[in-house]
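Trainee: Quick one: the structure is below, and I'll ask about it shortly.
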Amino acid sequence: MSDMKLARILNRPLSRRQFLRYSAATGIGVSIGAGTMNAWAQGTQGGTLTWLGHQEVAGLGPNDIGPDVQSSVIFNVLNPLVHVNYASETEPILARSYEVAPDGLSYTFVLHEGVMFHDGSELTAEDVKYTFETYSEPGNTVASRFNGMREVEVVDRYTARVHMDTVNAAFLRLACEVPIVPMAYHEEVGVDGFRTAPIGTGAFRVDTWRPAEFTELVAFPDHFRGAPLIDRLRLEVVPEPSVRYIALLTGDAQATVWPLSIEDSIELSDNPDFRVIATNWNSPRFIPLNNDVPQLSDRRVRQAMLSAIDRQRILDELESGFGVVASSHLAPHNPFFNPDVPQYPFDPERARSLLEGAGWVEGSDGIRSNDGLRLSFTCTTISGDQTRRPMAELSQIFLRAVGVDMQLAEAPVASILQGLREGTLEASLFNWTHGALVDPSPAGTLRSDGGDNFTRYNNPEMDRLIDEGLTIVDPELRRPIYNRTQEIYAEDVPALMLHYNQGINVFSNEMTGLPDNVLVGTPVFYRGNEYGRG
Amino acid sequence: MRSPDVSTYLTFRILKGLFVVVLISVLTFIVMRMMPGDPVYLLLGEGQIPITDAQIQSIREKWGLDRPLPEQYFVWALNLLRGDFGESLIRAGVPVRDMIFEAIPVTALLNAYALGLAIVIAIPFGIAAAVRRNSWVDYSSNAISALGIATPNFWLALMLIVLFALYVPRWFGELPLIGRIPPFGLRSWQGWILPVIVIATEEMAVLMRITRGAVLELLPQDFVRTARSKGLAERAVLYRHIVANTMLPVITVIGFRIAFLLSGTIIVETVFALPGIGRLFVDSVLRLDYQVVQSLVVVFAVLVVVVNLLTDFLYALVDPRIRIS
């Protein structure tokens, strides 16, 4: 959808909901606000861009690329071989080209020549080999990305070939996203030393790193894609969302990596000085149900519960309509998304008949029971989670109406993750990825032995499909497999998927050079070299 | 005060203090380990990538989290005695000592400025309110302290940010002498203004009431009447006899504030994005960064013990009636 078309849509009277639905139907990210219609002129040379994050930048090494706030800094200092960009495409960065062997057992990367690290040394295939072999060692948080890798061969100064023991279809997008470090310097400082004082090939080098306060980067003029337009890039840690909002209004910052409140974002979307980009999250808000708990083990009960909750209303009331009701374990914008799966529209009558069919009879207190077992369980939400706790409360009301008693409790996030992994919790409510945009495999969450199988879900067909999916490299050959995993998921309902909410990034017009159609929000921040200060 | 008594008393107090610190270190260690959750899972973040148990185990080994608990405690405690606070689990590679000693000055200065401001305003106001009881000074001081105590920190902080960082520059441009007040951070000295005002407001309210109460109690005392009857000017009675005696509650409040350094400014530090000790503490607890939490608690246990000791000595200095026994 071109900006002109968007402009025409925006000029017509159109409710926000209609607009969001239209945008979601086109499968692209949403750009709202009059700022979109402006031509994004290239900025002038120089100046500082300030971005806002909500939590500290705890480290700057390859092991720290997980959290969005950290990756927004790290990928401006260090570069990977390839990256999944804001349009969800695999984009070569340090690799000039790459080739995947037809059997999926080797990957060949040809590097750009003359790429310099900040210390003046040149990037070679030795650095690639060193990075992959060092960070695939157990003990590194990114080690799992390299699953199936045997070794890296240095073919020549600028060519590296990765040899695999087993096919890992996710390898290109996961392992090759790990940024490349300079071997000589890294050997000197080690993994932990590097994350406090990194040297990379990025468009910026680290000037000041104060984890809880700010990280300031300065332009690296010899960057291989050309010198950045700005002199400095600064990420400020501002935990309070309303202060981030004010800082954008006062001009103290030009963008926010971590979203503002929905209300503040909507307000800024009406302000011509800002551009608001809303993109669907890859991880749904969902209620994982412990499938081992007797009252939750029958899938008819879980199907009934999903039918009993008015998920569109939760989305409208608590997310101001920013999002899409979930129907699959993959997000609607995922290239592998399958829309043809069983649906669960809000239908309390269907919920009641499913429960009755499964033998759950309403008692005098309105709660159903079956052979003396009450249809009651506890949903433990994250302590102080003001955003998602109300979703649990609304769900509780909907479930109560069909005779299901969902009690609410709170606990710290670490306690919830451990409780679910060990099967000691009955249910919770948070966001978690079940197959990412970078790779659709839900191996960690839906395989019976997955480390994040929070629902204790066990379906041999799902296990088999997950294993098979990871051994096929061709995306089109993989598609039928993930179509089926989504069907099975919708039939079994191991968890109550509520909705895919939207992440909203706000940019001031002072930040120039932003791309037009953004599908994934965070990678926009990996391109600090392209932005100017207008 | 006789010197042999003082040295015996000091030894006793120091030994008692040491015992308290060791006890607190053990308790903190146990409480942190009893907290449900595993920091390794938090390190790994949201699971886009499947993690095997072997990989989790190797991360645990790297941080020594697989060793028996008593061994973990003694390794940490012995290192601490040598001045080695260890490394943060979350900010791997960064010594905990650096983290703590970078954060302490922020919180300490914040409290010092706020307390200074509160003292400068609250004590004269509190005295005036007591001396001119039931006058407009008294009523307004009462109203101000009631408001100060009742206004939530975070609300006041946000309102001040909106007003001074956003609207005042729009309406009036830059303020004379002060210039521009930023909405967050300590990039310039102006960054201190709003957080100091927020903390000072609460302290001022408490101090004002304490001072007023103390002066009201002193006014009918015999020594005040004697001072007046011997012909001293009202001003001399006030400064020489009354004000000097109000110092006791002030010292109490200051001692009290230091004990609450760790928790007292968390909200202000969070709203204004200040890298102080309160935020470090809360973030570390939430992320189960054991080393940081344990070291912070021990540092503060030592601080509180020392401050308590100093407060007792100051009491004796200010009020000769207090005897060390």
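Residues are referred to by chain and number: the chain letter is A, B, ... according to the order shown in the structure tokens, the number counts from 1 in that chain, and ligands are numbered separately from 1 in the order shown.
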Show me which bits of chain A are within 6 Å of chain B, counting only C-alpha atoms, as a list in words.
Mentor: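 Going by the stated atoms only, the list reads Ala58, Gly59, Pro138, Gly139, Thr141, Ser144, Asp192, Gly193, Ala212, Glu213, Val238, Glu240, Thr250, Ala414, Ser415, Gln418, Thr433, Ala436, Gly444 and Gly451 of chain A.
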Trainee: Restricting the output to C-alpha atoms, write the selected residues as a PDB file, in the first residue's frame.
Mentor:
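Written out: selection_4.pdb:
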ATOM      1  CA  ALA A  58      23.037  -4.933  30.384  1.00  0.00           C
ATOM      2  CA  GLY A  59      25.669  -5.884  27.827  1.00  0.00           C
ATOM      3  CA  PRO A 138      27.647 -24.215  25.722  1.00  0.00           C
ATOM      4  CA  GLY A 139      27.340 -21.501  28.343  1.00  0.00           C
ATOM      5  CA  THR A 141      22.995 -17.614  25.657  1.00  0.00           C
ATOM      6  CA  SER A 144      21.211 -22.816  20.796  1.00  0.00           C
ATOM      7  CA  ASP A 192      32.609 -11.095  29.197  1.00  0.00           C
ATOM      8  CA  GLY A 193      35.246  -8.470  28.478  1.00  0.00           C
ATOM      9  CA  ALA A 212      21.146   1.875  33.666  1.00  0.00           C
ATOM     10  CA  GLU A 213      21.408   5.396  32.307  1.00  0.00           C
ATOM     11  CA  VAL A 238      13.615   5.728  30.690  1.00  0.00           C
ATOM     12  CA  GLU A 240       8.356   5.229  32.898  1.00  0.00           C
ATOM     13  CA  THR A 250       9.871  18.110  24.392  1.00  0.00           C
ATOM     14  CA  ALA A 414      10.864 -15.916  37.143  1.00  0.00           C
ATOM     15  CA  SER A 415       8.607 -17.861  39.465  1.00  0.00           C
ATOM     16  CA  GLN A 418       9.772 -22.000  36.512  1.00  0.00           C
ATOM     17  CA  THR A 433       6.500 -16.852  20.754  1.00  0.00           C
ATOM     18  CA  ALA A 436       9.019 -16.883  15.229  1.00  0.00           C
ATOM     19  CA  GLY A 444      10.674 -24.983  22.009  1.00  0.00           C
ATOM     20  CA  GLY A 451      12.152 -26.273  27.126  1.00  0.00           C
TER      21      GLY A 451
END
Trainee: Show which residues sit within 7 Å of Val96 of chain B, as a list in words. Count only C-alpha atoms, and ignore same-chain residues fewer than 4 positions away.
Mentor: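 In the requested form, the answer reads Phe85, Gly86, Glu87, Ser88, Ile100 and Val292 of chain B.
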Trainee: Step one, run DSSP on the backbone; step two, keep only residues of segment 21-171 of chain B assigned to alpha helix (DSSP H); then write them as a ChimeraX atom specification.
Mentor: /B:21-34,39-44,53-62,69-81,96-131,136-150,153-160,168-171
Trainee: Considering only C-alpha atoms, give me a table of residues in segment 82-124 of chain B that are at most 10 Å from segment 246-255 of chain B, with the closest atom pair and distance in Å for each, as JSON lines.
Mentor:
{"residue": "B:Asn111", "atom": "CA", "partner": "B:Ile254", "partner_atom": "CA", "distance": 9.8}
{"residue": "B:Ala112", "atom": "CA", "partner": "B:Ile254", "partner_atom": "CA", "distance": 9.5}
{"residue": "B:Leu115", "atom": "CA", "partner": "B:Ile254", "partner_atom": "CA", "distance": 7.8}
{"residue": "B:Ile119", "atom": "CA", "partner": "B:Val250", "partner_atom": "CA", "distance": 8.4}
{"residue": "B:Ile123", "atom": "CA", "partner": "B:Thr246", "partner_atom": "CA", "distance": 8.8}
Trainee: Could the residues in this selection be saved with N, CA and C atoms as a PDB file, in the first residue's frame?
Mentor:
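Written output follows (again.pdb):
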ATOM      1  N   ASN B 111      19.524  12.556  47.985  1.00  0.00           N
ATOM      2  CA  ASN B 111      18.992  12.675  49.345  1.00  0.00           C
ATOM      3  C   ASN B 111      19.608  13.850  50.088  1.00  0.00           C
ATOM      4  N   ALA B 112      20.898  14.055  49.855  1.00  0.00           N
ATOM      5  CA  ALA B 112      21.573  15.154  50.559  1.00  0.00           C
ATOM      6  C   ALA B 112      20.982  16.495  50.129  1.00  0.00           C
ATOM      7  N   LEU B 115      17.397  16.744  51.450  1.00  0.00           N
ATOM      8  CA  LEU B 115      17.361  16.969  52.902  1.00  0.00           C
ATOM      9  C   LEU B 115      17.783  18.400  53.222  1.00  0.00           C
ATOM     10  N   ILE B 119      15.486  21.020  55.082  1.00  0.00           N
ATOM     11  CA  ILE B 119      15.885  21.632  56.358  1.00  0.00           C
ATOM     12  C   ILE B 119      15.779  23.150  56.262  1.00  0.00           C
ATOM     13  N   ILE B 123      12.563  23.959  58.798  1.00  0.00           N
ATOM     14  CA  ILE B 123      12.855  24.329  60.186  1.00  0.00           C
ATOM     15  C   ILE B 123      12.392  25.757  60.507  1.00  0.00           C
TER      16      ILE B 123
END
Trainee: Between atom CA of Phe430 of chain A and atom CA of Pro284 of chain A, measure the distance and give it in Å to one decimal.
Mentor: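 For atom CA of Phe430 of chain A relative to atom CA of Pro284 of chain A, the distance reads 8.0 Å.
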Trainee: One decimal, Å: what's the distance from atom CA of Pro198 of chain A over to atom CA of His223 of chain A, could you say?
Mentor: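 Atom-to-atom, atom CA of Pro198 of chain A and atom CA of His223 of chain A are spaced 15.4 Å apart.
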Trainee: Could you pull out the residues in segment 277-510 of chain A that DSSP calls strand (DSSP E or B) from the backbone, as a CSV table (one decimal) with C-alpha atoms, in the first residue's frame?
Mentor:
chain,number,residue,atom,x,y,z
A,277,ILE,CA,4.3,2.7,13.2
A,278,ALA,CA,2.2,-0.1,14.6
A,279,THR,CA,3.3,-3.7,13.8
A,280,ASN,CA,1.7,-6.9,15.0
A,285,ARG,CA,-1.1,-12.7,24.6
A,286,PHE,CA,-2.2,-16.2,25.8
A,287,ILE,CA,-3.3,-18.2,28.8
A,288,PRO,CA,-1.1,-21.3,28.9
A,289,LEU,CA,-3.2,-24.1,30.5
A,323,GLY,CA,-4.3,-6.1,17.5
A,324,VAL,CA,-5.9,-9.2,15.9
A,325,VAL,CA,-7.7,-12.0,17.7
A,361,VAL,CA,-22.5,-30.4,35.1
A,362,GLU,CA,-23.3,-27.0,36.7
A,368,ARG,CA,-19.4,-27.1,36.9
A,369,SER,CA,-18.0,-30.4,38.2
A,370,ASN,CA,-17.5,-33.9,36.9
A,373,LEU,CA,-13.9,-32.7,40.4
A,374,ARG,CA,-14.7,-29.0,40.2
A,376,SER,CA,-11.7,-24.7,38.9
A,377,PHE,CA,-8.1,-23.6,38.4
A,378,THR,CA,-5.8,-20.7,39.2
A,379,CYS,CA,-4.3,-18.3,36.6
A,380,THR,CA,-1.1,-16.7,38.0
A,381,THR,CA,-0.3,-13.4,36.3
A,382,ILE,CA,3.0,-11.5,36.6
A,405,ASP,CA,-14.0,-20.9,37.9
A,406,MET,CA,-10.7,-19.3,37.1
A,407,GLN,CA,-9.1,-17.9,40.3
A,408,LEU,CA,-6.4,-15.2,40.0
A,409,ALA,CA,-3.1,-15.0,41.7
A,410,GLU,CA,0.2,-13.0,41.1
A,411,ALA,CA,3.8,-14.0,41.2
A,427,ALA,CA,-2.3,-21.4,34.2
A,428,SER,CA,-0.8,-17.9,33.6
A,429,LEU,CA,-1.2,-15.0,31.1
A,430,PHE,CA,1.7,-13.4,29.2
A,431,ASN,CA,3.2,-13.2,25.7
A,495,ALA,CA,-3.6,-22.8,25.5
A,496,LEU,CA,-6.2,-20.0,25.2
A,497,MET,CA,-4.7,-17.8,22.6
A,498,LEU,CA,-6.2,-14.3,23.1
A,499,HIS,CA,-4.8,-12.0,20.5
A,500,TYR,CA,-1.7,-10.7,18.8
A,501,ASN,CA,-1.4,-7.2,20.1
A,502,GLN,CA,0.5,-4.5,18.2
A,503,GLY,CA,3.8,-3.0,19.1
A,504,ILE,CA,3.8,0.7,18.5
A,505,ASN,CA,7.0,2.7,17.7
A,506,VAL,CA,6.8,6.4,17.7
A,507,PHE,CA,9.2,8.5,15.6
A,508,SER,CA,9.6,12.3,15.6
Trainee: To one decimal in Å, tell me the separation between atom CA of Leu296 of chain A and atom CA of Glu426 of chain A.
Mentor: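 Those two atoms sit 8.7 Å apart.
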